[in-house]
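Here's the structure we're looking at; comments come further down.
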Amino acid sequence: MSRNVTVTSIEPNAGIAGGEVMVRLQGVTAAMLPTLSVSFGGAHAHVVSVNTSRALALVPDAGVDGLVDVELETFQTRGSSDGNPQFTTGKRLGGNLHPVASPAFDPADGSLFVTRSGSRGEHVPTSIYRIDTLGDLEEFSGDITNPTSIAFDRTGRMFVTSRFDGTVYRITPDRQVVAFASDLGIATGLAFNREGYMFVGDRSGTIFRINEIGEAKPWAEHEPSVSAYHFAVGPGDNLFVTGPTVSSFDSITRFDPDGNASEFFRGLGRPQGLAFDRQGNLYVAAALRGRRGVVRISPDGKDAELVVAGMNIVGLAFGPESQMVVATNEAVYSLPLGIEGLLT
């Protein structure tokens with residue numbers, strides 16, 4: 001293979017194993033196509049389709065994380081990777097999990113909490129796991145059935161919703177589980193605003209606002225979801241909400257501090273977990289124009305692009321080391337993208 005056969009770009013340029021990316025090619029001829037292969041960090045990718053200008057490839061489990069070279073190979077000859085764009089792969093932090101919403105970082109020590117939520121009514125021995133800053137996974141609690149959303153308030157207290165019994169639980173530093181607010185329907189989305197109010201979503205159509213002593217009142221109505229509500233508080237103390245429906249062209253709704261709703265962005269397939277960076281960009285676990293992963297939406301809601309490729313991503317969070325953690329319905333991965341999350 002000639003040294004001028006190169007990868008000119010990778011879209012998106014980050015992803016987890018199984019994610020679909022577009023690899024743009026230069027210098028490839030039709031004669032090369034039957035034996036053309038693409039590798040990420042030395043691991044061969046499954047090529048879904050290919051022509052002389054681009055290849056659709058699935059990110060392999062390369063056994064490494066961070067920046068890796070993407071190379072082309074054919075006719076038993078490998079092309080040069082000099083000058084090729086690099087790709088950021090995710091590190092698998094833990095598997096055999098079952099998150100149904102975004103994980104959450106403990107602001108006190110940077111540890112990550114993630115759930116094994118299970119099917120409706122299923123009680124598993126351990127339903128919440130903790131991953132410390134060294135990447136070690138430990139069993140944390142099994143006292144909540146169907147834990148869904150996790151959030152920390154401004155004082156660092158940990159709260160978890162249960163979609164099984166419609167309750168928000170507070171978990172104390174010694175891992176005691178205490179009911180904080182109840183009768184919240186199919187309780188899914190959970191977030192705090194800057195004033196300290198808690199918002200909880202009953203996916204049947206109600207958003208509750210809860211004060212610091214656990215008193216809940218209906219605050220807004222929203223279109224019911226077939227799975228869950230997902231919340232994030234963004235600039236201006238606005239509450240951003242996703243709730244997948246049967247549509248392939250779902251929207252993100254923005255609620256102002258008074259509970260008035262407006263459409264922020266439309267055009268996503270199955271939008272789920274949300275998180276903001278410090279520039280006000282919104283990141284959403286969703287599909288955009290048929291491609292799945294994490295979508296970044298500009299602060300004005302006008303521009304969107306896929307920035308992380310991945311299948312079955314249900315949520316994400318930004319960590320203290322400017323990493324993005326994404327949760328699939330089975331595992332969690334960390335990507336060193338250098339993005340700082342919004343401080344609320």
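Labeling convention for the structure tokens: chains A, B, ... as they appear, residues from 1 per chain, ligands from 1 in order of appearance.
Using only C-alpha atoms, the contacts of A:Gly267 at a cut-off of 9 Å, with sequence neighbours closer than 2 positions omitted, comprise Ser248, Phe249, Asp250, Ser251, Ile252, Phe265, Gly269, Ala287, Leu288 and Arg289 of chain A.
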With C-alpha atoms retained, could you export that selection as a PDB file, in the first residue's frame?
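And here's result29.pdb as it stands now:
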ATOM      1  CA  SER A 248     -37.831   8.582  16.338  1.00  0.00           C
ATOM      2  CA  PHE A 249     -37.842  12.396  16.316  1.00  0.00           C
ATOM      3  CA  ASP A 250     -38.035  13.240  20.020  1.00  0.00           C
ATOM      4  CA  SER A 251     -37.308  16.573  21.653  1.00  0.00           C
ATOM      5  CA  ILE A 252     -35.553  18.011  24.666  1.00  0.00           C
ATOM      6  CA  PHE A 265     -34.133  20.847  20.492  1.00  0.00           C
ATOM      7  CA  GLY A 269     -33.905   9.149  18.590  1.00  0.00           C
ATOM      8  CA  ALA A 287     -29.307   8.863  18.208  1.00  0.00           C
ATOM      9  CA  LEU A 288     -28.802  11.665  15.700  1.00  0.00           C
ATOM     10  CA  ARG A 289     -29.637  11.050  12.049  1.00  0.00           C
TER      11      ARG A 289
END
Could you give me, as CSV, every stretch 41-103 of chain A residue with an atom at most 10 Å from stretch 337-340 of chain A, plus its closest atom pair and distance in Å to one decimal, counting only C-alpha atoms, rows ordered by chain then number?
residue,atom,partner,partner_atom,distance
A:Gly66,CA,A:Leu337,CA,8.6
A:Leu67,CA,A:Leu337,CA,9.7
A:Thr88,CA,A:Leu337,CA,7.7
A:Thr89,CA,A:Leu337,CA,9.7
A:Gly90,CA,A:Leu337,CA,9.7
For A:Phe159: contacts at 9 Å, only C-alpha atoms, fewer than 5 positions along chain excluded, given as an MDAnalysis selection string: chainID A and resid 149:153 168:171 180 190
Can I get the selection written as a PDB file, in the first residue's frame, with N, CA and C atoms?
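What landed in part.pdb:
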ATOM      1  N   SER A 149     -32.451   6.879  39.185  1.00  0.00           N
ATOM      2  CA  SER A 149     -31.589   8.060  39.073  1.00  0.00           C
ATOM      3  C   SER A 149     -30.862   8.319  40.384  1.00  0.00           C
ATOM      4  N   ILE A 150     -29.633   8.825  40.249  1.00  0.00           N
ATOM      5  CA  ILE A 150     -28.805   9.159  41.409  1.00  0.00           C
ATOM      6  C   ILE A 150     -28.397  10.626  41.281  1.00  0.00           C
ATOM      7  N   ALA A 151     -28.457  11.364  42.395  1.00  0.00           N
ATOM      8  CA  ALA A 151     -27.997  12.757  42.385  1.00  0.00           C
ATOM      9  C   ALA A 151     -27.521  13.138  43.778  1.00  0.00           C
ATOM     10  N   PHE A 152     -26.607  14.107  43.831  1.00  0.00           N
ATOM     11  CA  PHE A 152     -26.100  14.653  45.080  1.00  0.00           C
ATOM     12  C   PHE A 152     -26.593  16.095  45.215  1.00  0.00           C
ATOM     13  N   ASP A 153     -27.017  16.465  46.431  1.00  0.00           N
ATOM     14  CA  ASP A 153     -27.462  17.847  46.624  1.00  0.00           C
ATOM     15  C   ASP A 153     -26.264  18.745  46.897  1.00  0.00           C
ATOM     16  N   VAL A 168     -38.114   8.549  46.788  1.00  0.00           N
ATOM     17  CA  VAL A 168     -36.731   9.023  46.758  1.00  0.00           C
ATOM     18  C   VAL A 168     -36.101   8.667  48.091  1.00  0.00           C
ATOM     19  N   TYR A 169     -34.959   8.010  48.036  1.00  0.00           N
ATOM     20  CA  TYR A 169     -34.249   7.614  49.245  1.00  0.00           C
ATOM     21  C   TYR A 169     -32.987   8.445  49.411  1.00  0.00           C
ATOM     22  N   ARG A 170     -32.658   8.737  50.662  1.00  0.00           N
ATOM     23  CA  ARG A 170     -31.376   9.352  50.996  1.00  0.00           C
ATOM     24  C   ARG A 170     -30.476   8.277  51.570  1.00  0.00           C
ATOM     25  N   ILE A 171     -29.231   8.237  51.090  1.00  0.00           N
ATOM     26  CA  ILE A 171     -28.269   7.265  51.602  1.00  0.00           C
ATOM     27  C   ILE A 171     -27.255   8.017  52.453  1.00  0.00           C
ATOM     28  N   PHE A 180     -37.045   9.610  51.826  1.00  0.00           N
ATOM     29  CA  PHE A 180     -37.049  11.065  51.911  1.00  0.00           C
ATOM     30  C   PHE A 180     -38.356  11.658  51.389  1.00  0.00           C
ATOM     31  N   LEU A 190     -34.105  12.784  38.290  1.00  0.00           N
ATOM     32  CA  LEU A 190     -33.763  13.394  39.576  1.00  0.00           C
ATOM     33  C   LEU A 190     -32.689  14.448  39.360  1.00  0.00           C
TER      34      LEU A 190
END
Secondary structure check, strand (DSSP E or B) residues of stretch 77-265 of chain A, as an MDAnalysis selection string: chainID A and resid 77:78 86:89 91:94 98 104:105 112:116 128:131 137:141 147:152 158:162 167:171 177:181 187:192 198:202 206:210 216:221 230:233 239:242 250:255 261:265
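The smallest atom-to-atom distance between A:Gly118 and any of A:His98, A:His222, A:His46, A:Lys302, using only C-alpha atoms, is found for A:His98.
The shortest atom-to-atom distance to A:Pro12, with only C-alpha atoms taken into account, belongs to A:Val59 out of A:Ala220, A:Leu282, A:Val50, A:Val59.
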Residues within 12 Å of A:Gly201, only C-alpha atoms, excluding chain neighbours under 4 positions, as a ChimeraX atom specification: /A:148-149,161-163,166-168,183-191,205-210,216-225,227-232,239-243
For A:Phe276, find every residue with an atom within 10 Å (counting only C-alpha atoms), except residues of its own chain fewer than 6 positions away, and show them as a PDB file with C-alpha atoms, in the first residue's frame.
ATOM      1  CA  ALA A 232     -30.257  18.061  34.047  1.00  0.00           C
ATOM      2  CA  VAL A 233     -30.182  21.587  35.439  1.00  0.00           C
ATOM      3  CA  GLY A 234     -28.458  23.964  33.048  1.00  0.00           C
ATOM      4  CA  PRO A 235     -27.594  27.626  32.663  1.00  0.00           C
ATOM      5  CA  LEU A 282     -25.642  19.993  26.422  1.00  0.00           C
ATOM      6  CA  TYR A 283     -24.617  16.357  25.950  1.00  0.00           C
ATOM      7  CA  VAL A 284     -27.346  13.755  25.457  1.00  0.00           C
ATOM      8  CA  ARG A 296     -23.505  17.572  21.781  1.00  0.00           C
ATOM      9  CA  ILE A 297     -25.988  20.433  21.372  1.00  0.00           C
ATOM     10  CA  PRO A 299     -26.077  26.445  24.078  1.00  0.00           C
ATOM     11  CA  ALA A 317     -21.627  12.251  33.608  1.00  0.00           C
ATOM     12  CA  PHE A 318     -18.535  14.456  33.731  1.00  0.00           C
ATOM     13  CA  ILE A 339     -14.384  18.302  29.191  1.00  0.00           C
ATOM     14  CA  GLU A 340     -15.267  20.028  32.463  1.00  0.00           C
ATOM     15  CA  GLY A 341     -18.805  19.540  33.670  1.00  0.00           C
ATOM     16  CA  LEU A 342     -21.085  22.409  34.698  1.00  0.00           C
ATOM     17  CA  LEU A 343     -20.980  23.186  38.405  1.00  0.00           C
ATOM     18  CA  THR A 344     -24.503  23.589  39.801  1.00  0.00           C
TER      19      THR A 344
END
Nearest-residue call for A:Asn193, choices A:Thr328, A:Thr155, A:Asn238, A:Thr115, using only C-alpha atoms: A:Asn238
Pick from A:Val70, A:Leu97, A:Ile213, A:Leu112, whichever lies nearest to A:Ala179 using only C-alpha atoms: A:Ile213
Best match for closeness to A:Leu316 among A:Ile128, A:Asp165, A:Asp109, A:Ala104, counting only C-alpha atoms: A:Ala104
